[in-house]
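Here's upload06.cif, which has mmCIF, C-alpha atoms and all ligand atoms:
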data_protein
#
loop_
_atom_site.label_atom_id
_atom_site.label_comp_id
_atom_site.auth_asym_id
_atom_site.auth_seq_id
_atom_site.Cartn_x
_atom_site.Cartn_y
_atom_site.Cartn_z
CA MET A 210 161.43 71.11 144.02
CA ASP A 211 164.00 70.63 141.27
CA LYS A 212 165.49 74.17 140.91
CA HIS A 213 167.99 75.35 138.32
CA GLU A 214 169.64 78.60 137.31
CA CYS A 215 169.11 77.98 133.61
CA VAL A 216 166.75 75.70 131.68
CA ILE A 217 166.89 75.51 127.91
CA ILE A 218 163.79 74.34 126.05
CA GLY A 219 164.60 72.71 122.71
CA SER A 220 167.63 71.03 121.17
CA GLY A 221 168.29 72.57 117.77
CA PRO A 222 171.30 74.76 116.91
CA ALA A 223 169.89 77.62 119.03
CA GLY A 224 169.41 75.41 122.11
CA TYR A 225 172.79 73.71 121.88
CA THR A 226 174.66 76.94 121.29
CA ALA A 227 172.88 78.48 124.28
CA ALA A 228 173.85 75.37 126.25
CA ILE A 229 177.54 75.62 125.29
CA TYR A 230 177.69 79.27 126.37
CA ALA A 231 175.60 78.79 129.52
CA ALA A 232 177.62 75.75 130.58
CA ARG A 233 180.92 77.54 130.01
CA ALA A 234 179.57 80.39 132.17
CA ASP A 235 178.95 77.80 134.91
CA LEU A 236 175.17 78.13 134.86
CA LYS A 237 174.88 74.31 134.86
CA PRO A 238 172.14 74.37 132.24
CA ILE A 239 169.50 71.70 131.93
CA MET A 240 168.23 71.13 128.41
CA TYR A 241 164.88 69.55 127.59
CA THR A 242 165.16 68.14 124.09
CA GLY A 243 161.50 68.08 123.04
CA LEU A 244 160.08 65.23 121.01
CA GLU A 245 162.54 65.65 118.14
CA PRO A 246 166.01 65.73 119.72
CA GLY A 247 168.34 67.72 117.49
CA GLY A 248 165.45 69.59 115.88
CA GLN A 249 164.84 70.18 112.21
CA LEU A 250 168.44 69.59 111.13
CA THR A 251 168.08 65.92 112.00
CA THR A 252 165.64 65.68 109.09
CA THR A 253 167.94 67.28 106.55
CA THR A 254 170.68 65.72 104.43
CA GLU A 255 173.76 67.80 103.79
CA VAL A 256 174.35 71.11 105.55
CA ASP A 257 176.67 72.99 103.21
CA ASN A 258 176.32 76.50 104.54
CA PHE A 259 177.31 76.21 108.21
CA PRO A 260 180.71 77.90 108.59
CA GLY A 261 183.54 75.59 109.54
CA TYR A 262 182.62 72.55 107.47
CA PRO A 263 184.47 72.95 104.15
CA ASN A 264 183.10 69.65 102.85
CA GLY A 265 179.62 70.03 104.36
CA ILE A 266 178.23 67.79 107.09
CA SER A 267 175.07 65.75 107.50
CA GLY A 268 172.41 67.42 109.68
CA PRO A 269 172.22 64.55 112.22
CA ALA A 270 176.03 64.41 112.52
CA MET A 271 176.20 68.13 113.16
CA MET A 272 173.57 67.87 115.90
CA GLU A 273 175.45 64.98 117.54
CA ASP A 274 178.61 67.11 117.55
CA LEU A 275 176.71 70.02 119.08
CA GLN A 276 175.28 67.78 121.80
CA LYS A 277 178.74 66.41 122.65
CA GLN A 278 180.16 69.92 122.76
CA ALA A 279 177.37 71.11 125.08
CA GLU A 280 177.79 68.07 127.35
CA ARG A 281 181.56 68.48 127.48
CA PHE A 282 181.04 71.70 129.46
CA GLY A 283 178.45 70.19 131.79
CA THR A 284 175.06 70.64 130.13
CA GLU A 285 172.59 68.04 131.33
CA VAL A 286 170.51 66.92 128.37
CA ARG A 287 167.15 65.44 129.35
CA PHE A 288 164.63 63.85 127.00
CA GLY A 289 161.26 65.42 127.67
CA LEU A 290 158.64 67.84 126.45
CA ILE A 291 157.73 70.99 128.31
CA THR A 292 153.94 70.96 128.30
CA LYS A 293 153.18 74.01 130.46
CA VAL A 294 154.96 77.12 131.68
CA GLU A 295 154.11 79.53 134.47
CA PHE A 296 156.40 82.52 134.22
CA SER A 297 157.02 84.85 137.14
CA ASN A 298 156.75 88.56 136.40
CA GLU A 299 159.15 89.43 139.21
CA ILE A 300 162.81 90.16 138.64
CA GLY A 301 164.67 87.16 140.05
CA GLY A 302 161.43 85.15 140.35
CA TRP A 303 161.28 81.41 139.72
CA HIS A 304 159.65 80.19 136.52
CA THR A 305 157.79 76.89 136.78
CA LEU A 306 157.90 74.40 133.93
CA THR A 307 155.88 71.19 133.63
CA ILE A 308 157.54 68.26 131.85
CA ASP A 309 155.46 65.65 130.02
CA GLU A 310 152.38 66.88 131.94
CA GLU A 311 153.76 65.29 135.12
CA LYS A 312 156.86 66.63 136.76
CA THR A 313 157.49 70.29 137.52
CA ILE A 314 160.81 72.07 137.82
CA GLN A 315 161.75 75.67 138.47
CA ALA A 316 164.24 77.85 136.69
CA ARG A 317 165.59 81.30 137.35
CA THR A 318 166.27 81.79 133.64
CA VAL A 319 164.58 80.06 130.73
CA ILE A 320 165.98 80.02 127.20
CA ILE A 321 163.32 79.17 124.64
CA SER A 322 164.62 77.47 121.52
CA THR A 323 161.61 75.41 120.55
CA GLY A 324 162.04 75.96 116.80
CA ALA A 325 159.33 75.47 114.25
CA SER A 326 157.34 72.59 112.70
CA ALA A 327 156.34 71.78 109.15
CA LYS A 328 153.10 73.21 107.78
CA TYR A 329 150.39 71.20 106.02
CA LEU A 330 147.91 72.45 103.42
CA GLY A 331 144.91 71.66 105.61
CA LEU A 332 143.32 69.09 103.28
CA GLU A 333 141.20 66.49 105.06
CA ALA A 334 142.96 63.78 103.03
CA GLU A 335 146.36 64.78 104.48
CA LYS A 336 145.24 63.42 107.85
CA ARG A 337 143.64 60.32 106.37
CA LEU A 338 146.79 59.40 104.46
CA ALA A 339 149.40 60.59 106.96
CA GLY A 340 152.09 57.91 106.98
CA HIS A 341 150.39 56.18 104.02
CA GLY A 342 151.73 58.43 101.33
CA VAL A 343 151.72 61.84 103.01
CA SER A 344 154.83 63.21 104.70
CA ALA A 345 156.36 66.56 105.57
CA CYS A 346 159.91 65.22 105.57
CA ALA A 347 161.32 63.75 102.37
CA VAL A 348 164.62 62.95 104.02
CA CYS A 349 162.90 60.94 106.78
CA ASP A 350 160.36 59.12 104.61
CA GLY A 351 161.58 59.30 101.01
CA PHE A 352 163.11 55.85 101.23
CA PHE A 353 159.65 54.29 101.67
CA TYR A 354 158.71 55.54 98.21
CA LYS A 355 161.79 54.27 96.42
CA ASN A 356 161.10 53.55 92.71
CA GLN A 357 157.66 55.14 93.02
CA GLU A 358 156.38 58.43 91.63
CA VAL A 359 156.13 61.31 94.09
CA VAL A 360 154.78 64.85 94.28
CA ILE A 361 156.26 67.63 96.40
CA VAL A 362 154.55 70.93 97.20
CA GLY A 363 156.51 74.18 97.56
CA GLY A 364 159.05 76.29 95.75
CA GLY A 365 161.45 77.30 98.53
CA ASP A 366 164.86 75.95 99.49
CA THR A 367 163.33 73.08 101.43
CA ALA A 368 161.21 71.97 98.46
CA ALA A 369 164.15 72.29 96.08
CA GLU A 370 166.48 70.39 98.41
CA GLU A 371 163.93 67.64 99.07
CA ALA A 372 162.94 67.35 95.40
CA THR A 373 166.61 66.82 94.56
CA TYR A 374 166.90 64.21 97.29
CA LEU A 375 163.75 62.42 96.09
CA SER A 376 164.95 62.51 92.47
CA LYS A 377 167.70 60.08 93.45
CA LEU A 378 165.13 57.57 94.71
CA SER A 379 162.16 58.09 92.44
CA PRO A 380 161.78 57.82 88.66
CA LYS A 381 159.59 60.96 88.57
CA VAL A 382 159.27 63.85 91.01
CA THR A 383 156.62 66.48 90.33
CA MET A 384 157.01 69.82 92.11
CA LEU A 385 153.82 71.82 92.57
CA VAL A 386 154.68 75.52 92.62
CA ARG A 387 151.84 77.92 93.25
CA ARG A 388 153.44 80.83 91.40
CA GLU A 389 155.48 81.20 88.22
CA GLU A 390 158.81 81.21 89.99
CA LEU A 391 160.71 79.44 92.71
CA ARG A 392 161.49 81.17 95.98
CA ALA A 393 164.56 78.93 96.41
CA SER A 394 168.08 80.33 96.13
CA LYS A 395 169.72 80.29 92.70
CA ALA A 396 172.08 77.47 93.73
CA MET A 397 169.14 75.27 94.72
CA GLN A 398 167.21 76.22 91.59
CA HIS A 399 170.15 75.05 89.47
CA ARG A 400 170.11 71.69 91.21
CA VAL A 401 166.41 71.27 90.48
CA MET A 402 166.75 72.35 86.86
CA ASN A 403 169.69 69.98 86.39
CA SER A 404 167.72 66.96 87.62
CA PRO A 405 166.09 65.46 84.52
CA ASN A 406 163.45 63.54 86.48
CA ILE A 407 162.11 66.60 88.36
CA HIS A 408 159.13 68.08 86.57
CA ILE A 409 157.70 71.42 87.74
CA GLU A 410 154.00 72.24 87.47
CA TRP A 411 153.86 76.04 87.68
CA ASN A 412 150.83 77.96 89.02
CA THR A 413 149.54 74.70 90.41
CA GLU A 414 148.01 73.79 93.76
CA ALA A 415 147.01 70.47 95.26
CA ILE A 416 143.28 70.44 95.94
CA ASP A 417 142.75 66.85 97.03
CA LEU A 418 144.45 63.49 97.41
CA VAL A 419 143.19 60.34 95.75
CA GLY A 420 143.23 57.01 97.60
CA GLU A 421 141.36 55.66 100.59
CA LYS A 422 143.98 53.64 102.49
CA VAL A 423 147.10 54.57 100.52
CA LEU A 424 147.86 57.46 98.23
CA GLU A 425 147.21 56.85 94.56
CA GLY A 426 147.34 60.33 93.12
CA VAL A 427 147.21 64.07 93.72
CA LYS A 428 144.38 66.17 92.33
CA VAL A 429 145.72 69.53 91.21
CA ARG A 430 144.36 72.73 89.75
CA ASN A 431 146.23 75.17 87.53
CA SER A 432 145.28 78.63 88.78
CA LYS A 433 145.97 80.25 85.38
CA THR A 434 144.07 77.85 83.12
CA GLY A 435 141.65 76.37 85.65
CA GLU A 436 142.60 72.89 84.45
CA VAL A 437 142.07 70.13 87.02
CA LYS A 438 143.85 66.78 86.73
CA VAL A 439 145.16 63.90 88.81
CA ILE A 440 148.89 63.25 88.92
CA PRO A 441 149.52 59.58 89.75
CA ALA A 442 151.76 59.37 92.82
CA GLN A 443 152.44 57.13 95.80
CA GLY A 444 154.20 59.81 97.85
CA PHE A 445 153.07 63.36 98.64
CA PHE A 446 155.54 65.61 100.42
CA LEU A 447 154.85 69.00 101.97
CA ALA A 448 157.64 71.59 101.90
CA ILE A 449 155.70 74.83 102.34
CA GLY A 450 157.36 76.31 105.37
CA HIS A 451 156.99 76.05 109.10
CA THR A 452 155.01 77.27 112.09
CA PRO A 453 156.87 78.30 115.27
CA ASN A 454 156.43 75.92 118.23
CA THR A 455 155.22 78.51 120.69
CA ALA A 456 151.67 77.45 121.60
CA ILE A 457 152.59 76.81 125.26
CA PHE A 458 153.66 80.45 125.66
CA LYS A 459 150.37 81.91 124.43
CA GLY A 460 148.98 84.47 126.84
CA GLN A 461 152.30 84.79 128.70
CA LEU A 462 154.71 86.06 126.04
CA ASP A 463 154.15 88.50 123.19
CA MET A 464 153.95 86.91 119.76
CA ASP A 465 152.93 88.00 116.28
CA ASN A 466 149.82 86.71 114.52
CA VAL A 467 151.69 83.63 113.24
CA GLY A 468 153.13 82.81 116.66
CA TYR A 469 156.73 84.05 116.35
CA LEU A 470 157.87 85.27 119.76
CA ILE A 471 158.60 88.97 119.97
CA THR A 472 161.85 89.94 121.62
CA LYS A 473 163.23 93.33 122.59
CA SER A 474 165.24 95.17 119.96
CA ASP A 475 168.85 93.92 119.70
CA SER A 476 168.15 91.35 122.39
CA THR A 477 166.63 87.92 122.95
CA GLY A 478 164.82 89.23 126.03
CA THR A 479 161.06 88.76 126.20
CA LYS A 480 158.75 90.89 128.34
CA ILE A 481 159.26 88.43 131.22
CA PRO A 482 162.42 88.98 133.30
CA GLY A 483 164.80 86.02 132.87
CA VAL A 484 163.02 84.52 129.86
CA PHE A 485 164.87 84.67 126.54
CA ALA A 486 163.84 83.48 123.09
CA SER A 487 166.20 82.28 120.37
CA GLY A 488 166.22 80.47 117.04
CA ASP A 489 163.28 79.83 114.72
CA ALA A 490 160.74 80.31 117.51
CA GLN A 491 161.48 84.04 117.27
CA ASP A 492 163.03 84.47 113.82
CA LYS A 493 160.77 84.60 110.82
CA VAL A 494 163.29 86.37 108.63
CA TYR A 495 166.54 84.40 108.45
CA ARG A 496 165.71 80.93 109.83
CA GLN A 497 169.18 79.52 109.25
CA ALA A 498 171.10 77.15 111.48
CA VAL A 499 173.86 79.70 111.86
CA THR A 500 171.51 82.55 112.78
CA ALA A 501 169.70 80.26 115.23
CA ALA A 502 173.08 79.44 116.78
CA GLY A 503 173.83 83.19 116.96
CA THR A 504 170.65 84.01 118.85
CA GLY A 505 171.20 80.98 121.12
CA CYS A 506 174.57 82.49 122.03
CA MET A 507 172.94 85.88 122.67
CA ALA A 508 170.28 84.29 124.90
CA ALA A 509 172.89 82.54 127.05
CA LEU A 510 174.99 85.71 127.40
CA GLU A 511 171.88 87.66 128.39
CA ALA A 512 170.83 84.96 130.87
CA GLU A 513 174.28 85.08 132.44
CA ARG A 514 174.16 88.89 132.74
CA TYR A 515 170.66 88.74 134.20
CA LEU A 516 171.78 86.26 136.87
CA SER A 517 174.93 88.18 137.76
CA ASP A 518 172.92 91.41 138.06
CA LEU A 519 170.66 89.63 140.59
CA ASN A 520 173.68 88.82 142.70
P1 LIG A 601 159.92 79.17 102.47
O1 LIG A 601 158.96 79.97 103.26
O2 LIG A 601 161.19 79.79 102.02
O3 LIG A 601 159.18 78.62 101.15
C1 LIG A 601 157.92 78.05 101.22
C2 LIG A 601 157.48 77.67 99.83
O4 LIG A 601 156.22 77.04 99.91
C3 LIG A 601 157.32 78.86 98.91
O5 LIG A 601 157.64 78.48 97.57
C4 LIG A 601 155.83 79.16 99.04
O6 LIG A 601 155.29 79.78 97.90
C5 LIG A 601 155.27 77.77 99.16
N1 LIG A 601 154.01 77.74 99.87
C6 LIG A 601 153.70 78.28 101.08
N2 LIG A 601 152.43 78.02 101.41
C7 LIG A 601 151.91 77.31 100.39
C8 LIG A 601 150.65 76.76 100.14
N3 LIG A 601 149.64 76.87 101.03
N4 LIG A 601 150.45 76.10 98.98
C9 LIG A 601 151.44 75.97 98.08
N5 LIG A 601 152.68 76.47 98.25
C10 LIG A 601 152.91 77.13 99.41
O7 LIG A 601 160.19 77.85 103.35
P2 LIG A 601 161.37 76.80 103.26
O8 LIG A 601 161.00 75.77 104.24
O9 LIG A 601 161.64 76.37 101.88
O10 LIG A 601 162.64 77.58 103.78
C11 LIG A 601 162.64 78.22 105.07
C12 LIG A 601 163.97 78.91 105.30
O11 LIG A 601 165.00 77.94 105.46
C13 LIG A 601 164.38 79.82 104.16
O12 LIG A 601 165.01 80.95 104.69
C14 LIG A 601 165.34 78.97 103.37
O13 LIG A 601 166.26 79.75 102.64
C15 LIG A 601 166.01 78.17 104.49
N6 LIG A 601 166.51 76.88 103.99
C16 LIG A 601 167.81 76.82 103.55
C17 LIG A 601 168.33 75.64 103.07
C18 LIG A 601 169.74 75.63 102.61
O14 LIG A 601 170.31 76.70 102.48
N7 LIG A 601 170.34 74.50 102.37
C19 LIG A 601 167.54 74.40 102.99
C20 LIG A 601 166.18 74.58 103.42
C21 LIG A 601 165.70 75.78 103.90
P3 LIG A 601 155.51 81.36 97.62
O15 LIG A 601 156.92 81.47 97.13
O16 LIG A 601 154.48 81.64 96.60
O17 LIG A 601 155.27 82.05 98.92
#
Would you kindly transcribe this structure into structure tokens?
Amino acid sequence: MDKHECVIIGSGPAGYTAAIYAARADLKPIMYTGLEPGGQLTTTTEVDNFPGYPNGISGPAMMEDLQKQAERFGTEVRFGLITKVEFSNEIGGWHTLTIDEEKTIQARTVIISTGASAKYLGLEAEKRLAGHGVSACAVCDGFFYKNQEVVIVGGGDTAAEEATYLSKLSPKVTMLVRREELRASKAMQHRVMNSPNIHIEWNTEAIDLVGEKVLEGVKVRNSKTGEVKVIPAQGFFLAIGHTPNTAIFKGQLDMDNVGYLITKSDSTGTKIPGVFASGDAQDKVYRQAVTAAGTGCMAALEAERYLSDLN
């Protein structure tokens, strides 16, 4: 059996920061990257708010730097998805993890940093047209809709950032905002308002998508006036938030009704000895790269203390 002192699940800022600290503490961490190595930041453009980058940095470049930093201290980064966990309730017990439904390994401490994934509206047409006009990542897929009209749903920072990105590729970007105001920060709101080809439809929700094989338009309803119309569009982007990637822990760890893992107060500790949760999988409040990195650091320090207490 492949046995390790510390296994980190997930490769976003939380996972890599945990890896840097765990590796420097000589825990010889093994990281499983998940299906999206580098996590959500690999689908973003500029990161302007991570301390230490006065000129900003691209999300993918930042994740590459984090990986190199973690590997420099001896983290072993493995591509693979943890598909099942069997946690031990005993102090010092071995936790068993299944990778890609095949191989199993055991870990004395597990740091969960599985992050979160984009939400969809739940329209049947979203599935039918996935990859043929529907996307939850403007930065990944926007290029395919160059010079075409696009619609983006949401009014938060992600929607504002992605609308601005799309406005550089598309002649017309329509933002569907379900209320009368944006949730996005003032700085992001200014960017949207200063982009002449972004048009906001307030109090408006998408109710269906038009097009059999490829998207042709978005059917929307104004909740104030009741007006229903079709906005012609070839691209439809979702930017309405995320769901934590915690399904595999159901029944073994405490989580709230959305699926965010519940940790002890002022700690990343879960109810299972030696299992720690960090980053967006357990943070529904801040959800920033820097806060994810902070809780990744906490998780590694707590894992180290847990292991030294065992000895
Ligand atoms: P948010 O939860 O902040 O915003 C989600 C948006 O989608 C809101 O406008 C919400 O409307 C809307 N929405 C949710 N569900 C639906 C629905 N079913 N139909 C229509 N609209 C819906 O998520 P974000 O992904 O934008 O941001 C997450 C976090 O990441 C935030 O803390 C944000 O600040 C941060 N972030 C920071 C960035 C940066 O600083 N550069 C970039 C991107 C994200 P309502 O307001 O009515 O709830």
Give me, as a tab-separated table, the closest atom pair and its distance (Å, one decimal) for every residue of chain A within a cut-off of 6 Å of ligand LIG 601 (chain A), counting all atoms listed in the file, rows sorted by chain and rising number.
residue	atom	partner	partner_atom	distance
A:Leu330	CA	A:LIG601	N3	5.3
A:Val362	CA	A:LIG601	N5	5.9
A:Gly363	CA	A:LIG601	O4	3.7
A:Gly364	CA	A:LIG601	O5	3.2
A:Gly365	CA	A:LIG601	O9	3.5
A:Asp366	CA	A:LIG601	O9	4.0
A:Thr367	CA	A:LIG601	O9	3.7
A:Ala368	CA	A:LIG601	O9	5.6
A:Arg387	CA	A:LIG601	C9	5.2
A:Arg388	CA	A:LIG601	O16	5.4
A:Leu391	CA	A:LIG601	O5	5.8
A:Arg392	CA	A:LIG601	O15	4.7
A:Glu414	CA	A:LIG601	C9	5.9
A:Ala448	CA	A:LIG601	O8	5.9
A:Ile449	CA	A:LIG601	O4	3.3
A:Gly450	CA	A:LIG601	O7	3.8
A:Tyr495	CA	A:LIG601	O12	5.3
A:Arg496	CA	A:LIG601	O12	5.2
A:Gln497	CA	A:LIG601	O11	5.9
(request) For A:Met402, work out the shell of residues within 10 Å, counting only C-alpha atoms and skipping chain neighbours fewer than 6 positions away, then give it as a VMD selection string. (result) chain A and resid 369 373 408 to 409
(message) Using only C-alpha atoms, can you tell me which of A:Val386, A:Val401, A:Met210, A:Leu244 comes closest to A:Asn454?
(response) A:Leu244
(message) I want to know what sits within 12 Å of A:Glu273, based on all atoms listed in the file, with residues of the same chain fewer than 2 positions away left out; could you give that as JSON, numbers by chain?
(response) {"A": [220, 221, 222, 225, 246, 247, 248, 250, 251, 266, 267, 268, 269, 270, 271, 275, 276, 277, 278, 279, 280]}
(request) Could you tell me which of A:Asn403, A:Thr253, A:Asn264, A:Thr226 comes closest to A:Ala508 if we count all atoms listed in the file? (result)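 Nearest to A:Ala508: A:Thr226.
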(message) Excluding A:Phe296 and its own-chain neighbours fewer than 6 positions away, which residues fall within 10 Å of it when counting only C-alpha atoms? Please give them as a list of chain:residue names.
(response) A:Gly302, A:Trp303, A:His304, A:Thr305, A:Leu306, A:Gln315, A:Ala316, A:Arg317, A:Thr318, A:Val319, A:Phe458, A:Gln461, A:Leu462, A:Ile481, A:Pro482, A:Gly483, A:Val484
(message) Quick check, in Å to one decimal: how far apart do atom CA of A:Gln398 and atom CA of A:Leu385 lie?
(response)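 Between these atoms lies a distance of 14.1 Å.
With all atoms listed in the file as the atoms that count, the residue of A:Ser344, A:Thr479, A:Lys459, A:Thr323 with the shortest distance to A:Glu295 is A:Lys459.
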(request) For atom CA of A:Val286 and atom CA of A:Glu245, determine how far apart the two atoms are, in Å to one decimal place. (result)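 Interatomic distance, atom CA of A:Val286 to atom CA of A:Glu245: 13.0 Å.
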(message) Restricting the calculation to only C-alpha atoms: of A:Leu378, A:Ala512, A:Ala334, A:Ile320, which residue gets closest to A:Val427?
(response)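 Selected residue with least distance to A:Val427: A:Ala334.
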(request) Record the distance separating atom CA of A:Thr504 and atom CA of A:Tyr241, expressed in Å with one decimal. (result)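 Going from atom CA of A:Thr504 over to atom CA of A:Tyr241, I get 17.9 Å.
Compared by their closest atoms to A:Asp417, and using all atoms listed in the file, the residues A:Lys395, A:Lys336, A:Arg514, A:Arg233 rank with A:Lys336 nearest.
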